[in-house]
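Inspection log for the structure reproduced underneath, given as structure tokens.
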Amino acid sequence: METLYQIFADPFVQIVSAPDFFLQVLWEGLVSGVLYALIALGFVLIFKSSRIFNFAQGIMVVFAALTLVGLHENGVPAWLAVPLTLGVMYLLALSVERVVLRPLVGQPDIILFMASIGVTMFLIGFGEFVFGGENKAMITAELGIPTGSIEFFPFGGFVLIEQKDLTAVIMAVLLVLCLLLFLNKTAMGRAIRALGDDHQAALSVGISLSKIWVLVWFIAGVIALATGIVWGARAGVSFALEVIAYKALPVLMLGGLESVSGAIIGGIAIGLLEKIFEIYWGQPLFGGNTETWFAFILALIVLLFRPQGLFGERIIERV
Amino acid sequence: MFYRVSGQFKTSYESDMALFPVKQDAILLAFILALFYVAFPMMASEFTYKALLVPVLIYALAAMGLNILTGYAGQLSLGTAGFMGVGAYACYKITSIFPEVNIVVALLLSGCFSAAVGVAFGLPSLRIKGFYLAIATLAAQFFLVWLFEKWAWLYNFNASGAIEVKGHEFFGLVITGPNAAPITQYYFVLVCVTVVSFAMINITRGRFGRVWKAVRDMDIAAELVGINLMRAKLSAFAVSSYVVGIAGALLVFFWKGAAEPNLFDIPLSFKVLFIAIIGGLGSIIGNFLGALLIVALPVLLNLLPGVLGLEINSATLEHINVMIVGALIVFFLIVEPHGLARLWALIREKLIIWPFPH
């Protein structure tokens with residue numbers, strides 16, 4: 001009886017009795033959801049254009065953030081460090097395409113997946129070798145990200161919004177808008193989508209596979225840098241950041257591996273729901289830390305009803 | 001010349017489908033077994049047991065379990081470490097609740113527990129395919145590790161949150177715990193691995209193996225010729241998790257001696273998956289080759305600077321190590337995507353006709 005009350009009644013009583021705290025929880029969930037969505041977006045772009053389940057997206061976030069901080073530590077001013085980091089990410093995209101992807105064209109999906117894990121390990125080793133393994137602070141102030149906080153008083157309560165979180169959300173929205181414009185309005189973006197629809201048809205109308213792959217990996221690198229900056233501002237830059245790559249996976253399941261809008265909506269939904277579950281159900285009932293698996297179980301349940309995710313392309317089976 | 005098959009006539013279907021259709025294969029296997037049972041123990045030191053021989057065997061066993069699922073039945077799984085953990089924790093609970101139970105019985109039983117958990121998490125495979133399934137098995141991975149941390153009953157309410165293996169005796173010989181001699185542990189693991197490998201070779205050659213391969217190659221076609229997909233997939237999950245669970249129990253009881261929940265975290269899953277893929281999906285011998293490569297490589301790389309007389313501090317060495325292993329994985333995938341087992345098959349074919357070109 002006690003347990004039933006804790007599951008079905010108590011959380012809602014708490015929500016109604018402290019709506020300001022609930023708003024705070026929603027905001028926290030939204031911020032992490034936006035970041036999950038960003039990482040999932042990197043996955044989706046690469047998967048759409050090359051059918052590679054790119055496990056290295058998480059480590060690219062760490063690598064980009066580390067490069068930025070490392071450059072700044074060595075005396076490069078912040079305004080120059082950002083373009084330089086982008087240059088490094090472009091080089092990374094170029095070398096991944098040349099060294100890893102091109103020799104593996106046409107291999108089964110699982111081989112490409114393993115290759116991306118190999119790239120992940122290489123980047124972990126390389127990053128630790130060059131920048132060291134310790135936690136570093138993101139150069140928040142130098143990049144002009146405000147660090148104060150805004151307070152609201154709804155329902156006679158108190159909600160605190162950190163300005164860097166607000167910046168993160170705004171930056172993510174802008175980035176996604178730019179990306180959507182790019183994908184839908186420019187020739188390059190259309191080429192990416194064409195490649196996602198049908199490889200051979202795209203090749204036959206003269207779209208260069210290797211160029212598009214470099215481009216897509218570079219875009220994934222840009223997204224990684226943006227994610228690295230905003231997440232690093234919250235939690236510092238270290239290889240522990242890599243775990244957020246795992247958080248993007250249930251987002252992909254929920255939203256569908258090929259869907260850009262699915263990644264965004266799925267990311268925000270998972271961010272919100274896992275925060276609410278953790279605060280109102282996870283901590284009182286399971287002893288907390290349910291965030292590690294809640295999203296996966298949620299996505300699993302959704303997949304049981306829609307095997308291609310909420311927004312994924314319909315799976316058509318042919319014999 | 002070494003592999004000449006002339007004079008070995010097959011007069012019946014049975015002899016053609018026998019375990020060793022070519023006599024030299026049996027001789028080679030006998031030689032390898034002799035190497036493991038007689039030659040290695042004669043020259044191995046304690047370090048070699050702990051760092052090389054025992055890990056290779058245990059990882060090969062885990063990879064073999066995964067290979068049943070991924071290589072034979074075509075269901076990609078990233079939750080291997082979680083299932084290994086189930087085996088280890090089940091074995092720990094069994095031996096602490098019933099201390100008088102023989103360790104072999106405990107091992108066999110703990111495999112049953114991980115098989116049950118594997119089937120439960122394998123249920124989504126009936127609806128979900130490909131990468132979606134791979135992510136779904138990650139749910140098992142994260143949920144199980146979380147469970148190992150939070151469910152204090154599993155580790156007997158130890159303050160440290162870890163499980164520690166006490167000394168167990170096997171017909172008067174101490175085989176686990178700090179007092180066990182490495183050589184007895186090695187022999188115990190070796191016998192276990194030999195028995196399980198033999199069973200797996202025969203399962204994959206038999207009806208089960210053929211059903212799994214049919215499902216792997218095209219599940220709809222398999223269903224159309226009358227294969228029960230549910231039974232095929234779930235049996236693959238059960239057998240695979242059983243072997244993986246035993247490997248997990250062996251890992252804790254005969255190698256590490258103690259384990260915290262984070263031992264069964266996702267890097268272990270990937271390591272086992274690497275071994276299975278580098279070794280070759282859909283082969284048994286590949287797991288051993290892969291384990292040899294993945295386990296021995298870091299050990300050798302650690303020794304290398306000492307041999308060359310270079311002074312590199314251990315942290316840097318560790319980073320370079322990770323880097324080289326990552327690069328080598330990509331390299332092997334490019335050179336031979338079908339794994340070391342395929343490489344061996346090519347060599348064998350060459351040897352059969354050698355020294356003639358055709």
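Ordering of the structure tokens sets the chain letters (A, B, ...); residue numbers start at 1 within each chain; ligands are numbered from 1 in the order shown.
When the distance limit is 10 Å and only C-alpha atoms are what count, the residues near segment 179-181 of chain A, minus those fewer than 4 positions from it on the same chain, are Leu41, Val173, Leu174, Leu175, Lys185, Thr186, Gly189, Ile219, Ile223, Val260 and Ser261 of chain A.
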Interface rows for chain A against chain B: nearest pair, Å to one decimal, 9 Å, only C-alpha atoms, as CSV:
residue,atom,partner,partner_atom,distance
A:Phe53,CA,B:Phe131,CA,7.9
A:Val99,CA,B:Val330,CA,9.0
A:Val100,CA,B:Val330,CA,6.9
A:Pro103,CA,B:Ile334,CA,6.2
A:Leu104,CA,B:Ile334,CA,6.1
A:Gln107,CA,B:Pro337,CA,7.7
A:Pro108,CA,B:Pro337,CA,8.9
A:Asp109,CA,B:Phe131,CA,8.9
A:Ile110,CA,B:Leu76,CA,8.2
A:Ile111,CA,B:Pro337,CA,6.8
A:Leu112,CA,B:Leu333,CA,8.5
A:Met114,CA,B:Phe274,CA,7.4
A:Ala115,CA,B:Val330,CA,5.3
A:Ser116,CA,B:Val330,CA,8.2
A:Ile117,CA,B:Gly326,CA,7.7
A:Gly118,CA,B:Gly326,CA,4.4
A:Val119,CA,B:Gly326,CA,6.1
A:Thr120,CA,B:Gly326,CA,7.3
A:Met121,CA,B:Gly326,CA,4.7
A:Phe122,CA,B:Met323,CA,4.1
A:Leu123,CA,B:Met323,CA,6.9
A:Ile124,CA,B:Met323,CA,7.0
A:Gly125,CA,B:Met323,CA,4.3
A:Phe126,CA,B:Met323,CA,5.8
A:Gly127,CA,B:His319,CA,8.4
A:Glu128,CA,B:His319,CA,6.1
A:Phe129,CA,B:His319,CA,5.5
A:Gly132,CA,B:Thr316,CA,8.6
A:Tyr246,CA,B:Leu138,CA,8.9
A:Leu249,CA,B:Ile135,CA,6.6
A:Pro250,CA,B:Ile135,CA,7.0
A:Leu252,CA,B:Tyr132,CA,8.6
A:Met253,CA,B:Tyr132,CA,6.2
A:Gly256,CA,B:Tyr132,CA,8.8
A:Leu257,CA,B:Tyr132,CA,8.3
A:Phe286,CA,B:Lys150,CA,8.0
A:Gly287,CA,B:Lys150,CA,7.2
A:Gly288,CA,B:Lys150,CA,8.8
A:Asn289,CA,B:Trp146,CA,8.0
A:Thr290,CA,B:Trp146,CA,7.8
A:Thr292,CA,B:Phe142,CA,6.2
A:Trp293,CA,B:Phe143,CA,5.2
A:Phe294,CA,B:Phe143,CA,8.2
A:Ala295,CA,B:Ala139,CA,8.4
A:Phe296,CA,B:Ala139,CA,4.9
A:Ile297,CA,B:Ala139,CA,6.0
A:Ala299,CA,B:Ala136,CA,8.0
A:Leu300,CA,B:Ala136,CA,6.0
A:Ile301,CA,B:Pro124,CA,9.0
A:Leu303,CA,B:Ile128,CA,7.1
A:Leu304,CA,B:Arg127,CA,6.3
A:Phe305,CA,B:Arg127,CA,8.5
A:Arg306,CA,B:Arg127,CA,8.7
A:Pro307,CA,B:Ile128,CA,5.4
A:Gln308,CA,B:Tyr132,CA,7.8
A:Gly309,CA,B:Tyr132,CA,8.6
A:Glu317,CA,B:Ile220,CA,8.1
A:Arg318,CA,B:Ile220,CA,8.3
A:Val319,CA,B:Ala221,CA,6.4
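Ranking A:Glu242, A:Asp10, A:Glu28, A:Glu278 by their shortest atom-to-atom distance to Val61 of chain A, with only C-alpha atoms included, puts A:Glu242 first.
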Long-range neighbours of segment 283-298 of chain B as a list of chain:residue names, 8 Å cut-off, only C-alpha atoms, 4 positions minimum in chain: B:Leu52, B:Pro55, B:Val56, B:Leu57, B:Tyr59, B:Ala60, B:Leu61, B:Ala63, B:Met64, B:Asn67, B:Gly71, B:Ser197, B:Met200, B:Ile201, B:Lys271, B:Phe274, B:Ile275, B:Ala276, B:Ile277, B:Ile278, B:Gly279, B:Asn302, B:Asn321, B:Val325, B:Gly339, B:Leu340, B:Ala341
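The protein and nucleic acid residues lying at most 10 Å from Leu195 of chain A are A:Lys48, A:Ser49, A:Ser50, A:Arg51, A:Gly189, A:Arg190, A:Ala191, A:His199, A:Gln200, A:Ala201, A:Ala202, A:Leu203, A:Ile207, A:Ser208, A:Leu209, A:Ile212, A:Trp213, with only C-alpha atoms considered and sequence neighbours fewer than 4 positions away removed.
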